[in-house]
>>> print(open('input_23.pdb').read())   # PDB, C-alpha atoms, pLDDT in the B column
ATOM      1  CA  MET A   1      51.741 -37.653 109.788  1.00 90.00           C
ATOM      2  CA  ASN A   2      51.179 -40.662 107.512  1.00 97.00           C
ATOM      3  CA  ILE A   3      47.663 -42.081 107.382  1.00 98.00           C
ATOM      4  CA  GLY A   4      46.991 -44.969 105.058  1.00 98.00           C
ATOM      5  CA  VAL A   5      43.950 -45.945 103.018  1.00 98.00           C
ATOM      6  CA  LEU A   6      43.629 -49.679 102.477  1.00 98.00           C
ATOM      7  CA  ALA A   7      43.823 -49.846  98.681  1.00 97.00           C
ATOM      8  CA  LEU A   8      42.308 -53.266  97.967  1.00 94.00           C
ATOM      9  CA  GLN A   9      38.928 -51.994  96.741  1.00 89.00           C
ATOM     10  CA  GLY A  10      36.658 -48.973  97.113  1.00 87.00           C
ATOM     11  CA  ALA A  11      36.894 -45.180  97.152  1.00 88.00           C
ATOM     12  CA  VAL A  12      40.632 -45.005  97.855  1.00 95.00           C
ATOM     13  CA  ALA A  13      41.439 -41.806  95.912  1.00 96.00           C
ATOM     14  CA  GLU A  14      38.512 -39.944  97.479  1.00 96.00           C
ATOM     15  CA  HIS A  15      39.613 -40.849 101.010  1.00 97.00           C
ATOM     16  CA  MET A  16      43.181 -39.814 100.199  1.00 98.00           C
ATOM     17  CA  ARG A  17      41.958 -36.443  98.928  1.00 98.00           C
ATOM     18  CA  SER A  18      39.890 -35.925 102.100  1.00 97.00           C
ATOM     19  CA  LEU A  19      42.819 -36.891 104.349  1.00 98.00           C
ATOM     20  CA  GLU A  20      45.126 -34.444 102.570  1.00 98.00           C
ATOM     21  CA  ALA A  21      42.493 -31.707 102.943  1.00 97.00           C
ATOM     22  CA  ALA A  22      42.299 -32.560 106.666  1.00 97.00           C
ATOM     23  CA  GLY A  23      46.042 -32.030 107.083  1.00 96.00           C
ATOM     24  CA  ALA A  24      47.493 -35.547 106.849  1.00 97.00           C
ATOM     25  CA  HIS A  25      49.803 -37.209 104.333  1.00 98.00           C
ATOM     26  CA  ALA A  26      47.774 -39.981 102.680  1.00 98.00           C
ATOM     27  CA  VAL A  27      49.304 -43.303 101.613  1.00 98.00           C
ATOM     28  CA  ALA A  28      47.673 -45.977  99.438  1.00 98.00           C
ATOM     29  CA  VAL A  29      48.287 -49.258 101.281  1.00 98.00           C
ATOM     30  CA  LYS A  30      48.621 -52.404  99.173  1.00 97.00           C
ATOM     31  CA  ARG A  31      51.061 -54.455 101.290  1.00 97.00           C
ATOM     32  CA  PRO A  32      50.996 -55.255 105.040  1.00 97.00           C
ATOM     33  CA  GLU A  33      54.582 -54.076 105.521  1.00 97.00           C
ATOM     34  CA  GLN A  34      53.479 -50.539 104.635  1.00 98.00           C
ATOM     35  CA  LEU A  35      51.580 -50.425 107.953  1.00 98.00           C
ATOM     36  CA  ASP A  36      54.897 -50.014 109.781  1.00 96.00           C
ATOM     37  CA  GLU A  37      55.241 -46.503 108.322  1.00 96.00           C
ATOM     38  CA  LEU A  38      51.739 -45.355 109.294  1.00 98.00           C
ATOM     39  CA  GLN A  39      50.177 -43.681 112.317  1.00 98.00           C
ATOM     40  CA  GLY A  40      46.574 -44.461 111.280  1.00 98.00           C
ATOM     41  CA  LEU A  41      44.538 -46.270 108.619  1.00 98.00           C
ATOM     42  CA  ILE A  42      41.194 -45.976 106.834  1.00 98.00           C
ATOM     43  CA  ILE A  43      39.349 -49.053 105.553  1.00 97.00           C
ATOM     44  CA  PRO A  44      37.106 -47.627 102.810  1.00 96.00           C
ATOM     45  CA  GLY A  45      33.709 -48.639 101.501  1.00 89.00           C
ATOM     46  CA  GLY A  46      33.338 -51.152  98.715  1.00 86.00           C
ATOM     47  CA  GLU A  47      32.148 -54.745  98.989  1.00 85.00           C
ATOM     48  CA  SER A  48      32.935 -56.127 102.444  1.00 85.00           C
ATOM     49  CA  THR A  49      33.071 -59.788 101.386  1.00 84.00           C
ATOM     50  CA  THR A  50      35.567 -58.940  98.633  1.00 88.00           C
ATOM     51  CA  ILE A  51      37.651 -56.726 100.922  1.00 91.00           C
ATOM     52  CA  GLY A  52      37.686 -59.505 103.521  1.00 89.00           C
ATOM     53  CA  LYS A  53      38.870 -62.088 100.980  1.00 91.00           C
ATOM     54  CA  LEU A  54      41.607 -59.754  99.736  1.00 93.00           C
ATOM     55  CA  MET A  55      42.719 -58.937 103.304  1.00 94.00           C
ATOM     56  CA  ARG A  56      43.127 -62.670 103.917  1.00 93.00           C
ATOM     57  CA  LYS A  57      44.848 -63.286 100.582  1.00 94.00           C
ATOM     58  CA  TYR A  58      47.442 -60.558 101.133  1.00 95.00           C
ATOM     59  CA  GLY A  59      48.064 -61.149 104.846  1.00 95.00           C
ATOM     60  CA  PHE A  60      46.283 -58.098 106.268  1.00 96.00           C
ATOM     61  CA  ILE A  61      44.104 -59.761 108.915  1.00 95.00           C
ATOM     62  CA  GLU A  62      46.778 -60.410 111.544  1.00 96.00           C
ATOM     63  CA  ALA A  63      48.735 -57.308 110.487  1.00 97.00           C
ATOM     64  CA  LEU A  64      45.722 -55.059 111.091  1.00 97.00           C
ATOM     65  CA  ARG A  65      44.916 -56.728 114.404  1.00 97.00           C
ATOM     66  CA  ALA A  66      48.494 -56.030 115.508  1.00 97.00           C
ATOM     67  CA  PHE A  67      48.202 -52.451 114.199  1.00 98.00           C
ATOM     68  CA  ALA A  68      45.086 -51.915 116.339  1.00 97.00           C
ATOM     69  CA  ALA A  69      46.638 -53.673 119.347  1.00 97.00           C
ATOM     70  CA  ALA A  70      49.507 -51.169 119.178  1.00 96.00           C
ATOM     71  CA  GLY A  71      46.937 -48.401 119.709  1.00 96.00           C
ATOM     72  CA  LYS A  72      47.083 -47.071 116.159  1.00 97.00           C
ATOM     73  CA  PRO A  73      43.699 -45.701 115.048  1.00 98.00           C
ATOM     74  CA  ILE A  74      41.615 -47.357 112.331  1.00 98.00           C
ATOM     75  CA  PHE A  75      38.585 -45.736 110.666  1.00 98.00           C
ATOM     76  CA  GLY A  76      36.134 -47.991 108.809  1.00 97.00           C
ATOM     77  CA  THR A  77      33.540 -46.465 106.486  1.00 96.00           C
ATOM     78  CA  CYS A  78      30.553 -48.411 105.094  1.00 92.00           C
ATOM     79  CA  ALA A  79      32.091 -51.794 104.129  1.00 91.00           C
ATOM     80  CA  GLY A  80      35.067 -50.838 106.313  1.00 95.00           C
ATOM     81  CA  LEU A  81      32.680 -50.656 109.280  1.00 95.00           C
ATOM     82  CA  ILE A  82      31.603 -54.237 108.533  1.00 93.00           C
ATOM     83  CA  CYS A  83      35.252 -55.316 108.416  1.00 94.00           C
ATOM     84  CA  LEU A  84      35.867 -53.902 111.918  1.00 96.00           C
ATOM     85  CA  ALA A  85      32.827 -55.547 113.537  1.00 95.00           C
ATOM     86  CA  GLU A  86      32.894 -58.522 115.867  1.00 94.00           C
ATOM     87  CA  ARG A  87      29.479 -59.649 114.620  1.00 92.00           C
ATOM     88  CA  VAL A  88      27.862 -59.420 111.146  1.00 89.00           C
ATOM     89  CA  GLU A  89      24.235 -60.136 110.237  1.00 83.00           C
ATOM     90  CA  GLY A  90      22.187 -59.929 107.039  1.00 67.00           C
ATOM     91  CA  GLN A  91      24.174 -62.358 104.891  1.00 58.00           C
ATOM     92  CA  GLN A  92      22.585 -65.675 105.895  1.00 56.00           C
ATOM     93  CA  GLY A  93      25.840 -66.741 107.484  1.00 56.00           C
ATOM     94  CA  LEU A  94      27.842 -66.328 104.259  1.00 57.00           C
ATOM     95  CA  GLU A  95      30.052 -63.575 105.613  1.00 61.00           C
ATOM     96  CA  GLU A  96      32.218 -64.246 108.621  1.00 72.00           C
ATOM     97  CA  PRO A  97      33.420 -61.301 110.699  1.00 76.00           C
ATOM     98  CA  HIS A  98      36.814 -60.194 109.373  1.00 89.00           C
ATOM     99  CA  LEU A  99      38.901 -58.272 111.919  1.00 95.00           C
ATOM    100  CA  ARG A 100      36.645 -58.668 114.991  1.00 95.00           C
ATOM    101  CA  LEU A 101      38.094 -55.504 116.517  1.00 97.00           C
ATOM    102  CA  MET A 102      35.043 -53.486 117.495  1.00 97.00           C
ATOM    103  CA  ASP A 103      32.404 -54.685 119.957  1.00 97.00           C
ATOM    104  CA  MET A 104      29.363 -54.206 117.748  1.00 97.00           C
ATOM    105  CA  THR A 105      26.836 -56.121 115.685  1.00 94.00           C
ATOM    106  CA  VAL A 106      26.302 -54.724 112.186  1.00 92.00           C
ATOM    107  CA  LEU A 107      23.566 -55.413 109.659  1.00 88.00           C
ATOM    108  CA  ARG A 108      24.597 -55.387 106.001  1.00 80.00           C
ATOM    109  CA  ASN A 109      22.608 -53.341 103.446  1.00 68.00           C
ATOM    110  CA  ALA A 110      20.303 -52.159 106.224  1.00 62.00           C
ATOM    111  CA  PHE A 111      19.349 -49.001 104.307  1.00 62.00           C
ATOM    112  CA  GLY A 112      18.357 -50.941 101.190  1.00 59.00           C
ATOM    113  CA  ARG A 113      19.777 -51.269  97.712  1.00 56.00           C
ATOM    114  CA  GLN A 114      21.577 -48.657  95.638  1.00 50.00           C
ATOM    115  CA  ARG A 115      18.370 -47.002  94.405  1.00 50.00           C
ATOM    116  CA  GLU A 116      17.514 -46.266  98.042  1.00 63.00           C
ATOM    117  CA  SER A 117      20.686 -44.279  98.615  1.00 80.00           C
ATOM    118  CA  PHE A 118      20.350 -40.848 100.204  1.00 87.00           C
ATOM    119  CA  GLU A 119      22.271 -37.901 101.642  1.00 91.00           C
ATOM    120  CA  ALA A 120      21.785 -36.244 105.014  1.00 91.00           C
ATOM    121  CA  ASP A 121      23.354 -33.685 107.354  1.00 95.00           C
ATOM    122  CA  LEU A 122      24.127 -35.435 110.640  1.00 96.00           C
ATOM    123  CA  ASN A 123      24.960 -34.214 114.107  1.00 97.00           C
ATOM    124  CA  VAL A 124      28.025 -36.194 115.191  1.00 98.00           C
ATOM    125  CA  LYS A 125      29.167 -36.067 118.800  1.00 97.00           C
ATOM    126  CA  GLY A 126      32.501 -34.242 119.019  1.00 96.00           C
ATOM    127  CA  ILE A 127      32.038 -32.298 115.749  1.00 97.00           C
ATOM    128  CA  GLU A 128      30.541 -28.815 115.962  1.00 95.00           C
ATOM    129  CA  GLN A 129      28.997 -28.490 112.497  1.00 95.00           C
ATOM    130  CA  PRO A 130      26.621 -31.023 110.890  1.00 96.00           C
ATOM    131  CA  VAL A 131      28.452 -33.659 108.845  1.00 96.00           C
ATOM    132  CA  ARG A 132      27.338 -34.252 105.258  1.00 94.00           C
ATOM    133  CA  ALA A 133      26.833 -38.000 104.783  1.00 93.00           C
ATOM    134  CA  VAL A 134      26.167 -40.119 101.699  1.00 93.00           C
ATOM    135  CA  PHE A 135      24.452 -43.465 102.337  1.00 91.00           C
ATOM    136  CA  ILE A 136      24.869 -46.077  99.564  1.00 86.00           C
ATOM    137  CA  ARG A 137      23.639 -49.612 100.355  1.00 82.00           C
ATOM    138  CA  ALA A 138      24.722 -48.730 103.850  1.00 84.00           C
ATOM    139  CA  PRO A 139      25.013 -51.031 106.840  1.00 87.00           C
ATOM    140  CA  LEU A 140      23.975 -49.956 110.300  1.00 88.00           C
ATOM    141  CA  ILE A 141      25.171 -50.772 113.786  1.00 94.00           C
ATOM    142  CA  GLN A 142      22.465 -52.837 115.467  1.00 93.00           C
ATOM    143  CA  SER A 143      24.041 -52.966 118.913  1.00 95.00           C
ATOM    144  CA  VAL A 144      27.254 -52.045 120.711  1.00 97.00           C
ATOM    145  CA  GLY A 145      29.136 -53.182 123.795  1.00 96.00           C
ATOM    146  CA  GLU A 146      29.880 -51.113 126.883  1.00 96.00           C
ATOM    147  CA  ARG A 147      33.203 -49.796 125.576  1.00 96.00           C
ATOM    148  CA  VAL A 148      31.644 -48.344 122.413  1.00 98.00           C
ATOM    149  CA  ASP A 149      30.592 -44.689 122.334  1.00 98.00           C
ATOM    150  CA  VAL A 150      27.659 -43.951 119.995  1.00 98.00           C
ATOM    151  CA  LEU A 151      28.451 -40.745 118.086  1.00 98.00           C
ATOM    152  CA  CYS A 152      25.464 -40.454 115.741  1.00 97.00           C
ATOM    153  CA  GLU A 153      22.077 -42.003 114.991  1.00 95.00           C
ATOM    154  CA  VAL A 154      19.630 -41.730 112.080  1.00 91.00           C
ATOM    155  CA  ASN A 155      15.993 -42.463 112.914  1.00 86.00           C
ATOM    156  CA  GLY A 156      17.110 -44.177 116.094  1.00 90.00           C
ATOM    157  CA  GLU A 157      19.656 -46.372 114.281  1.00 90.00           C
ATOM    158  CA  ILE A 158      23.382 -46.116 115.089  1.00 95.00           C
ATOM    159  CA  VAL A 159      25.461 -44.949 112.101  1.00 95.00           C
ATOM    160  CA  THR A 160      28.668 -43.662 113.749  1.00 97.00           C
ATOM    161  CA  ALA A 161      30.520 -45.083 116.739  1.00 98.00           C
ATOM    162  CA  ARG A 162      33.910 -45.110 118.414  1.00 98.00           C
ATOM    163  CA  GLN A 163      35.721 -47.629 120.590  1.00 98.00           C
ATOM    164  CA  ASP A 164      39.020 -46.283 121.906  1.00 96.00           C
ATOM    165  CA  SER A 165      41.189 -45.830 118.774  1.00 97.00           C
ATOM    166  CA  LEU A 166      38.602 -47.363 116.425  1.00 98.00           C
ATOM    167  CA  LEU A 167      36.097 -45.219 114.503  1.00 98.00           C
ATOM    168  CA  ALA A 168      33.301 -46.523 112.283  1.00 98.00           C
ATOM    169  CA  CYS A 169      30.530 -44.970 110.197  1.00 97.00           C
ATOM    170  CA  SER A 170      27.825 -46.445 107.960  1.00 94.00           C
ATOM    171  CA  PHE A 171      28.110 -43.779 105.297  1.00 94.00           C
ATOM    172  CA  HIS A 172      30.635 -42.391 102.808  1.00 94.00           C
ATOM    173  CA  PRO A 173      32.160 -39.146 104.183  1.00 95.00           C
ATOM    174  CA  GLU A 174      34.720 -39.162 101.350  1.00 96.00           C
ATOM    175  CA  LEU A 175      32.071 -38.536  98.660  1.00 94.00           C
ATOM    176  CA  THR A 176      31.448 -34.943  99.749  1.00 94.00           C
ATOM    177  CA  SER A 177      33.621 -31.864 100.153  1.00 95.00           C
ATOM    178  CA  ASP A 178      32.996 -31.981 103.933  1.00 95.00           C
ATOM    179  CA  VAL A 179      36.185 -33.288 105.584  1.00 97.00           C
ATOM    180  CA  SER A 180      35.100 -32.761 109.199  1.00 97.00           C
ATOM    181  CA  LEU A 181      34.924 -36.493 109.978  1.00 97.00           C
ATOM    182  CA  HIS A 182      38.338 -37.047 108.402  1.00 98.00           C
ATOM    183  CA  ARG A 183      39.626 -34.152 110.515  1.00 98.00           C
ATOM    184  CA  TYR A 184      38.128 -35.837 113.596  1.00 98.00           C
ATOM    185  CA  PHE A 185      40.034 -39.014 112.678  1.00 98.00           C
ATOM    186  CA  VAL A 186      43.276 -37.084 112.092  1.00 98.00           C
ATOM    187  CA  ASP A 187      42.858 -35.634 115.605  1.00 97.00           C
ATOM    188  CA  MET A 188      42.398 -39.192 116.950  1.00 97.00           C
ATOM    189  CA  VAL A 189      45.675 -40.167 115.286  1.00 97.00           C
ATOM    190  CA  LYS A 190      47.450 -37.129 116.766  1.00 96.00           C
ATOM    191  CA  GLN A 191      46.158 -38.002 120.245  1.00 95.00           C
ATOM    192  CA  ALA A 192      47.309 -41.601 119.859  1.00 94.00           C
ATOM    193  CA  GLU A 193      50.738 -40.390 118.781  1.00 90.00           C
ATOM    194  CA  ASN A 194      50.968 -38.134 121.828  1.00 88.00           C
ATOM    195  CA  VAL A 195      50.116 -41.052 124.116  1.00 85.00           C
ATOM    196  CA  ALA A 196      52.634 -43.322 122.356  1.00 77.00           C
ATOM    197  CA  GLY A 197      55.307 -40.618 122.418  1.00 67.00           C
TER     198      GLY A 197
END
>>> encode(input="input_23.pdb", output="structure tokens")
Amino acid sequence: MNIGVLALQGAVAEHMRSLEAAGAHAVAVKRPEQLDELQGLIIPGGESTTIGKLMRKYGFIEALRAFAAAGKPIFGTCAGLICLAERVEGQQGLEEPHLRLMDMTVLRNAFGRQRESFEADLNVKGIEQPVRAVFIRAPLIQSVGERVDVLCEVNGEIVTARQDSLLACSFHPELTSDVSLHRYFVDMVKQAENVAG
């Protein structure tokens, strides 16, 4: 099973390591045509405005929308969550939504600047053990539509959600040795493959 990590910016190597540990074959994705060989994709953290500009520059916007429309799972972490959102706040209108795939409103840098980063063990719906999460200048999900399933909250704020074959989290699961959320995503990809097959 080939699962890609969008390799335009961010913690690409760490996500690839976590995917391999979760039982998938990880691929660094730098060109849209590589999507044809994949069953799933992770959009990593980084700087969402920069990732959005690079996705446009290299032709990923329409390619990723088609990828999602084909039922192939996409997992966005931190900045990747922002890229998936239909609505983005907290940037004074400077950042337009990028992929507009997931029915949610996200707030950039909701957990403060880098010095206000923190780690926590979270209870995520569908995962038995607590998930170790690293929050770095993290966004949060302010609101979701009817089709979105909230999987985890921190202090009443949504930090993990799923809409059909789309998964999003505010934090960096790739920066710990805990691969349970990556394993959850690999299972999503397997289920999508079974439906497609």
>>> resolve_selection(input="input_23.pdb", expression="the PyMOL selection byres ((chain A and resi 160) around 9)", output="PyMOL selection string")
chain A and resi 124+140-141+149-153+158-159+161-162+167-171
>>> resolve_selection(input="input_23.pdb", expression="the PyMOL selection byres ((chain A and resi 34) around 12)", output="PyMOL selection string")
chain A and resi 2-7+27-33+35-41+59-60+63-64+67
>>> resolve_selection(input="input_23.pdb", expression="the PyMOL selection byres ((chain A and resi 165) around 8)", output="PDB file with C-alpha atoms, in the frame of the given file")
ATOM      1  CA  ALA A  68      45.086 -51.915 116.339  1.00 97.00           C
ATOM      2  CA  GLY A  71      46.937 -48.401 119.709  1.00 96.00           C
ATOM      3  CA  LYS A  72      47.083 -47.071 116.159  1.00 97.00           C
ATOM      4  CA  PRO A  73      43.699 -45.701 115.048  1.00 98.00           C
ATOM      5  CA  ILE A  74      41.615 -47.357 112.331  1.00 98.00           C
ATOM      6  CA  ARG A 162      33.910 -45.110 118.414  1.00 98.00           C
ATOM      7  CA  GLN A 163      35.721 -47.629 120.590  1.00 98.00           C
ATOM      8  CA  ASP A 164      39.020 -46.283 121.906  1.00 96.00           C
ATOM      9  CA  LEU A 166      38.602 -47.363 116.425  1.00 98.00           C
ATOM     10  CA  LEU A 167      36.097 -45.219 114.503  1.00 98.00           C
ATOM     11  CA  MET A 188      42.398 -39.192 116.950  1.00 97.00           C
ATOM     12  CA  ALA A 192      47.309 -41.601 119.859  1.00 94.00           C
TER      13      ALA A 192
END
>>> atom_distance(input="input_23.pdb", atom1="atom CA of A:Thr105", atom2="atom CA of A:Glu14")
27.0 Å
>>> atom_distance(input="input_23.pdb", atom1="atom CA of A:Ala21", atom2="atom CA of A:Val179")
7.0 Å
>>> atom_distance(input="input_23.pdb", atom1="atom CA of A:Lys53", atom2="atom CA of A:Leu99")
11.6 Å
>>> closest_residue(input="input_23.pdb", among="A:Ala26, A:Met1, A:Leu181, A:Met16", to="A:Pro130", atoms="all atoms listed in the file")
A:Leu181
>>> closest_residue(input="input_23.pdb", among="A:Ala196, A:Ala24, A:Leu19, A:Ala85", to="A:Glu174", atoms="all atoms listed in the file")
A:Leu19
>>> residues_around(input="input_23.pdb", residues="A:Gln142", least_positions_apart="5", cutoff="10 Å", atoms="all atoms listed in the file", output="number ranges by chain")
A: 87-89, 104-107, 110, 157-159
